[in-house]
file coords.pdb (PDB, C-alpha atoms)
ATOM      1  CA  MET A   1     236.533  91.750 299.017
ATOM      2  CA  LYS A   2     240.240  91.219 299.554
ATOM      3  CA  ASN A   3     239.402  89.134 302.595
ATOM      4  CA  LEU A   4     237.243  86.725 300.550
ATOM      5  CA  ILE A   5     239.935  86.221 297.958
ATOM      6  CA  ARG A   6     242.549  85.431 300.544
ATOM      7  CA  VAL A   7     240.332  82.826 302.247
ATOM      8  CA  SER A   8     239.509  81.101 298.979
ATOM      9  CA  GLU A   9     243.174  81.176 297.961
ATOM     10  CA  ARG A  10     244.095  79.450 301.220
ATOM     11  CA  ARG A  11     241.429  76.763 300.760
ATOM     12  CA  ALA A  12     242.261  75.952 297.158
ATOM     13  CA  PRO A  13     245.489  74.038 297.905
ATOM     14  CA  LYS A  14     243.727  72.047 300.653
ATOM     15  CA  ARG A  15     240.925  71.078 298.281
ATOM     16  CA  SER A  16     243.342  69.921 295.619
ATOM     17  CA  LYS A  17     245.255  67.874 298.195
ATOM     18  CA  ARG A  18     242.019  66.225 299.356
ATOM     19  CA  ARG A  19     241.085  65.414 295.781
ATOM     20  CA  LEU A  20     244.533  63.952 295.171
ATOM     21  CA  TRP A  21     244.300  61.750 298.257
ATOM     22  CA  LEU A  22     240.796  60.644 297.329
ATOM     23  CA  ALA A  23     241.946  59.728 293.837
ATOM     24  CA  LEU A  24     244.892  57.784 295.247
ATOM     25  CA  LEU A  25     242.665  55.891 297.675
ATOM     26  CA  VAL A  26     240.353  54.905 294.843
ATOM     27  CA  PHE A  27     242.824  54.109 292.090
ATOM     28  CA  ILE A  28     245.779  52.517 293.931
ATOM     29  CA  PRO A  29     243.869  49.310 294.809
ATOM     30  CA  LEU A  30     242.739  49.104 291.191
ATOM     31  CA  LEU A  31     246.279  49.516 289.938
ATOM     32  CA  LEU A  32     247.675  46.951 292.367
ATOM     33  CA  SER A  33     245.143  44.316 291.380
ATOM     34  CA  GLY A  34     246.343  44.552 287.787
ATOM     35  CA  PRO A  35     244.442  44.090 284.574
ATOM     36  CA  LYS A  36     242.338  40.972 284.092
ATOM     37  CA  THR A  37     242.796  40.372 280.395
ATOM     38  CA  PRO A  38     242.385  37.023 278.652
ATOM     39  CA  GLY A  39     245.994  36.957 277.424
ATOM     40  CA  GLN A  40     247.583  37.724 280.781
ATOM     41  CA  GLN A  41     250.301  35.381 282.011
ATOM     42  CA  PRO A  42     249.939  33.734 285.431
ATOM     43  CA  ALA A  43     251.798  35.273 288.338
ATOM     44  CA  ALA A  44     255.174  33.879 289.310
ATOM     45  CA  GLY A  45     254.787  30.926 291.621
ATOM     46  CA  ALA A  46     251.235  30.188 290.464
ATOM     47  CA  SER A  47     250.432  26.525 290.312
ATOM     48  CA  LYS A  48     250.144  25.287 286.752
ATOM     49  CA  ASP A  49     247.515  22.667 287.645
ATOM     50  CA  LEU A  50     245.094  25.470 288.558
ATOM     51  CA  ILE A  51     245.144  26.816 285.012
ATOM     52  CA  PRO A  52     243.793  24.234 282.565
ATOM     53  CA  PRO A  53     244.827  24.430 278.922
ATOM     54  CA  SER A  54     242.198  25.632 276.479
ATOM     55  CA  ALA A  55     241.374  24.018 273.177
ATOM     56  CA  THR A  56     244.286  25.870 271.573
ATOM     57  CA  GLY A  57     246.740  24.525 274.133
ATOM     58  CA  LYS A  58     247.342  27.882 275.781
ATOM     59  CA  SER A  59     246.510  28.387 279.403
ATOM     60  CA  GLU A  60     243.658  30.713 280.271
ATOM     61  CA  VAL A  61     243.778  33.029 283.246
ATOM     62  CA  GLY A  62     240.804  32.954 285.553
ATOM     63  CA  ALA A  63     239.890  29.366 284.748
ATOM     64  CA  VAL A  64     240.337  27.306 287.879
ATOM     65  CA  LYS A  65     240.213  23.545 287.958
ATOM     66  CA  ILE A  66     238.037  22.441 290.856
ATOM     67  CA  PRO A  67     238.247  18.801 291.866
ATOM     68  CA  SER A  68     234.797  17.269 292.043
ATOM     69  CA  SER A  69     234.110  15.202 295.142
ATOM     70  CA  GLN A  70     230.595  14.325 293.996
ATOM     71  CA  PRO A  71     229.905  12.223 290.924
ATOM     72  CA  ALA A  72     227.919  13.767 288.105
ATOM     73  CA  ILE A  73     224.162  13.348 288.424
ATOM     74  CA  ASP A  74     222.387  11.396 285.721
ATOM     75  CA  LEU A  75     219.160  13.355 285.318
ATOM     76  CA  GLY A  76     217.541  10.468 283.481
ATOM     77  CA  THR A  77     217.581   8.314 286.609
ATOM     78  CA  VAL A  78     216.505  10.955 289.123
ATOM     79  CA  ASP A  79     213.014  10.408 290.489
ATOM     80  CA  SER A  80     211.710  13.451 292.344
ATOM     81  CA  VAL A  81     208.802  11.459 293.791
ATOM     82  CA  ALA A  82     211.234   8.911 295.237
ATOM     83  CA  ILE A  83     213.310  11.706 296.779
ATOM     84  CA  LEU A  84     210.196  13.254 298.333
ATOM     85  CA  ARG A  85     209.010   9.841 299.537
ATOM     86  CA  SER A  86     212.314   8.885 301.192
ATOM     87  CA  ALA A  87     212.970  12.250 302.865
ATOM     88  CA  ARG A  88     212.921  12.183 306.668
ATOM     89  CA  ILE A  89     214.872  15.250 307.844
ATOM     90  CA  ILE A  90     213.738  18.735 306.784
ATOM     91  CA  PHE A  91     215.551  22.068 307.002
ATOM     92  CA  VAL A  92     213.302  25.153 306.803
ATOM     93  CA  ARG A  93     214.647  28.418 305.364
ATOM     94  CA  SER A  94     212.492  31.534 305.076
ATOM     95  CA  HIS A  95     213.505  34.463 302.885
ATOM     96  CA  SER A  96     210.471  36.415 304.006
ATOM     97  CA  VAL A  97     210.632  39.116 306.651
ATOM     98  CA  LEU A  98     207.008  38.533 307.614
ATOM     99  CA  VAL A  99     207.115  34.742 308.052
ATOM    100  CA  LYS A 100     210.048  33.294 309.993
ATOM    101  CA  GLY A 101     211.369  29.780 309.480
ATOM    102  CA  ALA A 102     210.767  28.881 313.122
ATOM    103  CA  VAL A 103     207.033  29.521 312.687
ATOM    104  CA  VAL A 104     206.898  27.200 309.675
ATOM    105  CA  GLU A 105     208.811  24.563 311.673
ATOM    106  CA  GLU A 106     206.277  24.811 314.510
ATOM    107  CA  LYS A 107     203.307  24.502 312.139
ATOM    108  CA  LEU A 108     204.886  21.476 310.445
ATOM    109  CA  GLN A 109     205.389  19.707 313.778
ATOM    110  CA  LYS A 110     201.782  20.333 314.837
ATOM    111  CA  ARG A 111     200.340  18.556 311.784
ATOM    112  CA  PRO A 112     199.362  14.879 312.347
ATOM    113  CA  GLU A 113     200.959  13.859 309.028
ATOM    114  CA  PHE A 114     204.350  15.010 310.312
ATOM    115  CA  GLN A 115     204.400  12.285 312.978
ATOM    116  CA  GLN A 116     202.785   9.703 310.661
ATOM    117  CA  PHE A 117     205.565  10.096 308.113
ATOM    118  CA  GLY A 118     208.275   9.973 310.803
ATOM    119  CA  LEU A 119     209.704  13.374 309.866
ATOM    120  CA  ALA A 120     212.148  15.519 311.835
ATOM    121  CA  ILE A 121     213.277  19.142 311.683
ATOM    122  CA  THR A 122     216.951  20.096 311.682
ATOM    123  CA  ARG A 123     218.786  23.410 311.936
ATOM    124  CA  ASP A 124     221.784  22.018 310.006
ATOM    125  CA  ALA A 125     221.205  22.361 306.267
ATOM    126  CA  SER A 126     223.961  19.862 305.442
ATOM    127  CA  ALA A 127     222.220  17.122 307.465
ATOM    128  CA  ALA A 128     218.829  17.601 305.802
ATOM    129  CA  ASP A 129     217.185  15.339 303.250
ATOM    130  CA  LEU A 130     215.067  18.274 302.029
ATOM    131  CA  VAL A 131     215.396  22.040 302.224
ATOM    132  CA  LEU A 132     212.015  23.782 302.422
ATOM    133  CA  GLU A 133     212.363  27.410 301.298
ATOM    134  CA  LEU A 134     209.743  30.132 301.590
ATOM    135  CA  ARG A 135     209.837  33.373 299.584
ATOM    136  CA  HIS A 136     207.559  36.398 299.498
ATOM    137  CA  ASP A 137     206.468  36.850 295.879
ATOM    138  CA  LEU A 138     203.991  39.717 295.454
ATOM    139  CA  PHE A 139     201.905  41.601 298.012
ATOM    140  CA  THR A 140     200.024  38.638 299.552
ATOM    141  CA  LYS A 141     201.571  35.831 297.479
ATOM    142  CA  TYR A 142     204.162  33.399 298.828
ATOM    143  CA  VAL A 143     206.082  30.629 297.077
ATOM    144  CA  TYR A 144     207.528  27.572 298.791
ATOM    145  CA  THR A 145     209.934  25.067 297.271
ATOM    146  CA  ALA A 146     211.367  21.802 298.525
ATOM    147  CA  ILE A 147     214.836  21.009 297.166
ATOM    148  CA  ASP A 148     217.041  17.963 297.541
ATOM    149  CA  PRO A 149     220.321  19.491 298.825
ATOM    150  CA  ARG A 150     222.545  16.794 297.313
ATOM    151  CA  THR A 151     221.209  17.004 293.752
ATOM    152  CA  GLN A 152     219.658  20.512 293.874
ATOM    153  CA  ILE A 153     216.522  19.091 292.261
ATOM    154  CA  LEU A 154     213.160  20.654 292.963
ATOM    155  CA  VAL A 155     210.854  17.958 294.325
ATOM    156  CA  ALA A 156     207.854  19.997 295.530
ATOM    157  CA  SER A 157     206.594  23.549 295.225
ATOM    158  CA  GLY A 158     203.520  25.672 295.606
ATOM    159  CA  LYS A 159     202.171  29.198 295.548
ATOM    160  CA  LEU A 160     199.710  30.487 298.101
ATOM    161  CA  SER A 161     198.095  33.631 299.419
ATOM    162  CA  SER A 162     198.296  35.014 302.930
ATOM    163  CA  LEU A 163     194.621  35.958 302.835
ATOM    164  CA  GLY A 164     192.285  33.747 304.843
ATOM    165  CA  GLY A 165     194.812  32.170 307.199
ATOM    166  CA  THR A 166     198.426  32.159 308.232
ATOM    167  CA  VAL A 167     201.095  31.530 305.614
ATOM    168  CA  ALA A 168     203.065  29.121 307.806
ATOM    169  CA  ASP A 169     200.010  26.930 308.402
ATOM    170  CA  LYS A 170     199.158  26.864 304.688
ATOM    171  CA  VAL A 171     202.747  25.988 303.747
ATOM    172  CA  ALA A 172     202.823  23.131 306.267
ATOM    173  CA  LYS A 173     199.458  21.775 305.127
ATOM    174  CA  ARG A 174     200.219  21.890 301.385
ATOM    175  CA  PHE A 175     203.785  20.594 301.674
ATOM    176  CA  LEU A 176     202.738  17.630 303.827
ATOM    177  CA  LYS A 177     199.872  16.953 301.413
ATOM    178  CA  GLN A 178     202.405  16.707 298.568
ATOM    179  CA  MET A 179     204.537  14.348 300.672
ATOM    180  CA  GLY A 180     201.453  12.245 301.389
ATOM    181  CA  GLN A 181     200.647  12.043 297.679
ATOM    182  CA  ALA A 182     204.195  10.901 296.919
ATOM    183  CA  ARG A 183     203.996   8.230 299.611
ATOM    184  CA  SER A 184     200.569   7.016 298.515
ATOM    185  CA  ALA A 185     201.803   6.827 294.906
ATOM    186  CA  SER A 186     204.531   4.459 296.058
ATOM    187  CA  ASP A 187     202.034   2.320 297.974
ATOM    188  CA  THR A 188     199.807   1.885 294.904
ATOM    189  CA  SER A 189     202.754   1.099 292.640
ATOM    190  CA  GLU A 190     204.010  -1.568 295.097
ATOM    191  CA  LYS A 191     200.567  -3.237 295.189
ATOM    192  CA  ASN A 192     200.435  -3.501 291.366
TER
END
call {"tool": "encode", "arguments": {"input": "coords.pdb", "output": "structure tokens"}}
result
Amino acid sequence: MKNLIRVSERRAPKRSKRRLWLALLVFIPLLLSGPKTPGQQPAAGASKDLIPPSATGKSEVGAVKIPSSQPAIDLGTVDSVAILRSARIIFVRSHSVLVKGAVVEEKLQKRPEFQQFGLAITRDASAADLVLELRHDLFTKYVYTAIDPRTQILVASGKLSSLGGTVADKVAKRFLKQMGQARSASDTSEKN
């Protein structure tokens, strides 16, 4: 019995030291970062143009003025059909583990409408006219969306099932059908 007490007495200081070190490792970074309260003054040397004044005239911490390189978008003048009609370069992004973006790209290129519309696939999202995204929704359901990367406006979307065919082929067929409808709508409006 004396032997057990001596061993536990020797381990107790080591355990308390470990706990102290663990607490220091957790709390020191929190203490160094400082509190983030609304009334906190900016750090010395902080640029005053990064902290815009609020309505009361006092500066607010955490508010950062970001210069806008793009003009504001007037949503009243945005025509999603015109964006879909004028798109030529497509970037494909798949968020599904089961269907890769490269498979959707291949299925798009095999469709006859792809060549008729003069479309191209890119691997650079910043160079694309449209970003085609694919997500796995529920069990056998998939959702695809086509977004204009400059305005972030949804121009085409659809929901489909993986039953009765491959998802990539169905996405390619339905997306190109929507593009065809947008292009045929422009042809009929030009004739009238």
call {"tool": "closest_residue", "arguments": {"input": "coords.pdb", "among": "A:Phe175, A:Asp124, A:Ser16, A:Lys159", "to": "Lys141 in chain A", "atoms": "all atoms listed in the file"}}
result
A:Lys159
call {"tool": "closest_residue", "arguments": {"input": "coords.pdb", "among": "A:Gln178, A:Ala172, A:Ser157, A:Ala127", "to": "Lys110 in chain A", "atoms": "only C-alpha atoms"}}
result
A:Ala172
call {"tool": "closest_residue", "arguments": {"input": "coords.pdb", "among": "A:Gln116, A:Gln109, A:Ser184, A:Ser161", "to": "His136 in chain A", "atoms": "only C-alpha atoms"}}
result
A:Ser161
call {"tool": "closest_residue", "arguments": {"input": "coords.pdb", "among": "A:Val81, A:Ala146, A:Val97, A:Leu20", "to": "Ala128 in chain A", "atoms": "all atoms listed in the file"}}
result
A:Ala146
call {"tool": "atom_distance", "arguments": {"input": "coords.pdb", "atom1": "CA of Ser80 in chain A", "atom2": "CA of Val131 in chain A"}}
result
13.6 Å
call {"tool": "residues_around", "arguments": {"input": "coords.pdb", "residues": "Lys177 in chain A", "least_positions_apart": "6", "cutoff": "12 Å", "atoms": "only C-alpha atoms", "output": "PDB file with C-alpha atoms, keeping the file's coordinate frame"}}
result
ATOM      1  CA  LEU A  84     210.196  13.254 298.333  1.00  0.00           C
ATOM      2  CA  ARG A  85     209.010   9.841 299.537  1.00  0.00           C
ATOM      3  CA  LEU A 108     204.886  21.476 310.445  1.00  0.00           C
ATOM      4  CA  ARG A 111     200.340  18.556 311.784  1.00  0.00           C
ATOM      5  CA  PRO A 112     199.362  14.879 312.347  1.00  0.00           C
ATOM      6  CA  GLU A 113     200.959  13.859 309.028  1.00  0.00           C
ATOM      7  CA  PHE A 114     204.350  15.010 310.312  1.00  0.00           C
ATOM      8  CA  PHE A 117     205.565  10.096 308.113  1.00  0.00           C
ATOM      9  CA  ALA A 156     207.854  19.997 295.530  1.00  0.00           C
ATOM     10  CA  SER A 157     206.594  23.549 295.225  1.00  0.00           C
ATOM     11  CA  GLY A 158     203.520  25.672 295.606  1.00  0.00           C
ATOM     12  CA  LYS A 170     199.158  26.864 304.688  1.00  0.00           C
ATOM     13  CA  VAL A 171     202.747  25.988 303.747  1.00  0.00           C
ATOM     14  CA  ARG A 183     203.996   8.230 299.611  1.00  0.00           C
ATOM     15  CA  SER A 184     200.569   7.016 298.515  1.00  0.00           C
TER      16      SER A 184
END
call {"tool": "residues_around", "arguments": {"input": "coords.pdb", "residues": "Leu160 in chain A", "least_positions_apart": "4", "cutoff": "12 Å", "atoms": "only C-alpha atoms", "output": "PyMOL selection string"}}
result
chain A and resi 134-145+164-175
call {"tool": "resolve_selection", "arguments": {"input": "coords.pdb", "expression": "the PyMOL selection byres ((chain A and resi 88) around 7)", "output": "MDAnalysis selection string"}}
result
chainID A and resid 86:87 89:90 118:120 129
call {"tool": "axis_aligned_box", "arguments": {"input": "coords.pdb", "around": "range 151-162 of chain A", "padding_each_side": "5 Å", "output": "JSON"}}
result
{"center_x": 209.7, "center_y": 26.0, "center_z": 297.6, "size_x": 33.1, "size_y": 28.0, "size_z": 20.7}
call {"tool": "atom_distance", "arguments": {"input": "coords.pdb", "atom1": "CA of Ala102 in chain A", "atom2": "CA of Ala82 in chain A"}}
result
26.8 Å
call {"tool": "atom_distance", "arguments": {"input": "coords.pdb", "atom1": "CA of Val155 in chain A", "atom2": "CA of Ala182 in chain A"}}
result
10.0 Å
call {"tool": "residues_around", "arguments": {"input": "coords.pdb", "residues": "Asp148 in chain A", "least_positions_apart": "4", "cutoff": "6 Å", "atoms": "only C-alpha atoms", "output": "VMD selection string"}}
result
chain A and resid 130 152 to 153
call {"tool": "build_atoms", "arguments": {"input": "coords.pdb", "residues": "range 102-113 of chain A", "atoms": "all heavy atoms", "output": "short mmCIF file (atom, residue, chain, number, x, y, z; two decimals), in the coordinates of the input"}}
result
data_model
loop_
_atom_site.label_atom_id
_atom_site.label_comp_id
_atom_site.auth_asym_id
_atom_site.auth_seq_id
_atom_site.Cartn_x
_atom_site.Cartn_y
_atom_site.Cartn_z
N ALA A 102 211.15 29.57 311.89
CA ALA A 102 210.77 28.88 313.12
C ALA A 102 209.25 28.70 313.22
O ALA A 102 208.76 27.69 313.74
CB ALA A 102 211.27 29.66 314.34
N VAL A 103 208.50 29.63 312.67
CA VAL A 103 207.03 29.52 312.69
C VAL A 103 206.59 28.40 311.76
O VAL A 103 205.70 27.61 312.10
CB VAL A 103 206.39 30.87 312.29
CG1 VAL A 103 204.87 30.76 312.26
CG2 VAL A 103 206.83 31.97 313.23
N VAL A 104 207.22 28.29 310.61
CA VAL A 104 206.90 27.20 309.68
C VAL A 104 207.27 25.86 310.31
O VAL A 104 206.52 24.88 310.20
CB VAL A 104 207.61 27.40 308.32
CG1 VAL A 104 207.33 26.24 307.38
CG2 VAL A 104 207.20 28.72 307.69
N GLU A 105 208.41 25.80 310.98
CA GLU A 105 208.81 24.56 311.67
C GLU A 105 207.76 24.14 312.69
O GLU A 105 207.38 22.96 312.78
CB GLU A 105 210.15 24.77 312.39
CG GLU A 105 211.33 24.94 311.49
CD GLU A 105 212.59 25.35 312.24
OE1 GLU A 105 212.52 25.57 313.46
OE2 GLU A 105 213.64 25.45 311.58
N GLU A 106 207.27 25.10 313.48
CA GLU A 106 206.28 24.81 314.51
C GLU A 106 204.99 24.29 313.88
O GLU A 106 204.41 23.31 314.36
CB GLU A 106 205.99 26.08 315.31
CG GLU A 106 204.91 25.90 316.35
CD GLU A 106 204.45 27.22 316.95
OE1 GLU A 106 205.02 28.28 316.60
OE2 GLU A 106 203.51 27.19 317.75
N LYS A 107 204.55 24.92 312.81
CA LYS A 107 203.31 24.50 312.14
C LYS A 107 203.46 23.12 311.51
O LYS A 107 202.52 22.32 311.51
CB LYS A 107 202.90 25.52 311.07
CG LYS A 107 202.54 26.88 311.62
CD LYS A 107 201.32 26.82 312.51
CE LYS A 107 200.95 28.22 312.98
NZ LYS A 107 199.76 28.23 313.80
N LEU A 108 204.64 22.81 310.99
CA LEU A 108 204.89 21.48 310.44
C LEU A 108 204.77 20.42 311.54
O LEU A 108 204.13 19.38 311.35
CB LEU A 108 206.28 21.40 309.81
CG LEU A 108 206.44 21.94 308.40
CD1 LEU A 108 207.92 22.03 308.03
CD2 LEU A 108 205.70 21.08 307.40
N GLN A 109 205.38 20.69 312.69
CA GLN A 109 205.39 19.71 313.78
C GLN A 109 204.01 19.50 314.38
O GLN A 109 203.74 18.43 314.94
CB GLN A 109 206.37 20.13 314.86
CG GLN A 109 207.81 20.00 314.41
CD GLN A 109 208.80 20.48 315.44
OE1 GLN A 109 208.52 21.42 316.18
NE2 GLN A 109 209.96 19.86 315.47
N LYS A 110 203.13 20.47 314.28
CA LYS A 110 201.78 20.33 314.84
C LYS A 110 200.85 19.51 313.96
O LYS A 110 199.82 19.04 314.43
CB LYS A 110 201.16 21.72 315.06
CG LYS A 110 201.74 22.43 316.25
CD LYS A 110 201.01 23.73 316.51
CE LYS A 110 201.53 24.40 317.76
NZ LYS A 110 200.83 25.67 318.02
N ARG A 111 201.20 19.32 312.70
CA ARG A 111 200.34 18.56 311.78
C ARG A 111 200.44 17.06 312.09
O ARG A 111 201.52 16.54 312.37
CB ARG A 111 200.76 18.79 310.33
CG ARG A 111 200.82 20.21 309.87
CD ARG A 111 199.53 20.83 309.53
NE ARG A 111 198.73 20.02 308.64
CZ ARG A 111 197.44 20.24 308.43
NH1 ARG A 111 196.83 21.21 309.03
NH2 ARG A 111 196.76 19.48 307.61
N PRO A 112 199.32 16.32 312.05
CA PRO A 112 199.36 14.88 312.35
C PRO A 112 200.17 14.08 311.32
O PRO A 112 200.78 13.07 311.65
CB PRO A 112 197.89 14.47 312.34
CG PRO A 112 197.15 15.56 311.66
CD PRO A 112 197.96 16.80 311.82
N GLU A 113 200.20 14.57 310.07
CA GLU A 113 200.96 13.86 309.03
C GLU A 113 202.45 13.86 309.32
O GLU A 113 203.17 12.94 308.93
CB GLU A 113 200.74 14.52 307.65
CG GLU A 113 199.31 14.55 307.18
CD GLU A 113 198.62 15.87 307.51
OE1 GLU A 113 199.07 16.60 308.42
OE2 GLU A 113 197.61 16.16 306.85
#
